[in-house]
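Input: a single structure, listed below in structure tokens.
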Amino acid sequence: MAGRDAAEQAQLLKIGFWLGGPMLVIGTMTIGFAARRFDLPAPVVLLLLVGLLPATWGLILLVEHATSRASHGLVIALRAGHAISPQPGFSRQEALVAQGRLEEAAVAYRLHLADHPHDVAALVALGRLLAGPLADPDGAAAAYRAARQSTPAGEWDRIISNDLIDLYRRSRQEGKLRVELARFGEVHRGTTAGEAALAQLRELKRRPE
């Protein structure tokens, strides 16, 4: 599994666990049935059994490759909407986060963004990392603003706005929260989410200073 990061290795092992065993059992049973049905010579049966292992491994690699491409495409389609064309992935950064190496993950995201400054998915991921476990609301807000500048209106804009509203609420930045609620409510006026944002804004304005 050389050349694969931790996340890719875990995915390959998972596919191998769920697919490899059943394939070996089914393959062995099929070879046994064929040997009895067609009275195959022992050397042929042995050759088929030996070839079953590399054939199973090849199928595992094929399935892993196909699912990786399909899942990446699905994530982009579901999350990006009409956003800019996808940039190279950042599974290494996600693996660092999963391992709890958060500072390293933030550095890795920034290195990735140095080469791909308009990668909206990476900017949002960095924003969530800074807003959550790294507790850097100012850095998170900067990442979200950069993401907003890099994408036209669409699903990504909605995701960014929701994250900023949550960030400003949790960090008690009421002035910025009001601005973001007003923006979201105006952009999505007439929708359930937009009217809810305007209702929250009205509630904030009714609070005593």
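Each chain of the structure tokens is named A, B, ... in the order shown, its residues numbered from 1; ligands are numbered from 1 in display order.
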
* **Selection near Arg148 in chain A, 9 Å with only C-alpha atoms, sequence-local residues under 3 positions removed, as a count of residues only** => 11

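If you look at CA of Arg183 in chain A and CA of Leu164 in chain A, they are 11.2 Å away from each other.
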
* Asked: How many Å separate CA of Ala108 in chain A from CA of Leu96 in chain A?
  ->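 Going from CA of Ala108 in chain A over to CA of Leu96 in chain A, I get 8.9 Å.
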
* **Distance criterion (only C-alpha atoms): nearest to His116 in chain A out of A:Ala147, A:Ala35, A:Val44, A:Ala95** => A:Ala147

* To do: Point out the residue among A:Ser171, A:Thr191, A:Gln93, A:Thr28 with the least atom-to-atom distance to Leu53 in chain A, counting only C-alpha atoms.
  =>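 Closest to Leu53 in chain A, using only C-alpha atoms: A:Thr28.
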
* Asked: Using only C-alpha atoms, which of the listed residues (A:Gly27, A:Arg169, A:Leu62, A:Val97) sits closest to Arg128 in chain A?
  -> A:Val97

* Near-range 172-180 of chain A list (10 Å; only C-alpha atoms; drop same-chain fewer than 4 positions) as a PyMOL selection string -> chain A and resi 137+161-162+164-168+184-186+197-198+200-202+204-205

Resulting file, chosen residues, C-alpha atoms, as an mmCIF file, in the first residue's frame:
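Once everything was written out, this is again_7.cif:
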```
data_model
loop_
_atom_site.group_PDB
_atom_site.id
_atom_site.type_symbol
_atom_site.label_atom_id
_atom_site.label_comp_id
_atom_site.auth_asym_id
_atom_site.auth_seq_id
_atom_site.Cartn_x
_atom_site.Cartn_y
_atom_site.Cartn_z
ATOM 1 C CA PRO A 137 -12.463 32.397 15.200
ATOM 2 C CA SER A 161 -23.066 31.701 5.330
ATOM 3 C CA ASN A 162 -24.381 29.006 7.679
ATOM 4 C CA LEU A 164 -20.236 32.065 9.566
ATOM 5 C CA ILE A 165 -23.548 32.520 11.386
ATOM 6 C CA ASP A 166 -22.683 29.607 13.663
ATOM 7 C CA LEU A 167 -19.140 30.949 14.178
ATOM 8 C CA TYR A 168 -20.287 34.463 15.118
ATOM 9 C CA PHE A 184 -28.446 35.506 4.440
ATOM 10 C CA GLY A 185 -32.034 36.614 4.940
ATOM 11 C CA GLU A 186 -31.856 38.977 1.965
ATOM 12 C CA ALA A 197 -32.510 34.164 9.600
ATOM 13 C CA LEU A 198 -34.543 37.380 9.450
ATOM 14 C CA GLN A 200 -33.319 35.681 14.412
ATOM 15 C CA LEU A 201 -32.144 39.132 13.360
ATOM 16 C CA ARG A 202 -35.351 40.746 14.619
ATOM 17 C CA LEU A 204 -31.419 40.214 18.320
ATOM 18 C CA LYS A 205 -32.555 43.781 17.609
#
```

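Considering the residues A:Leu134, A:Leu123, A:Ala146, A:Ala114 and counting only C-alpha atoms, Gly100 in chain A has its shortest atom-to-atom contact with A:Leu134.
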
* Among range 139-184 of chain A, which ones does DSSP place in alpha helix (DSSP H), written as a ChimeraX atom specification? -> /A:139-149,155-170,174-184
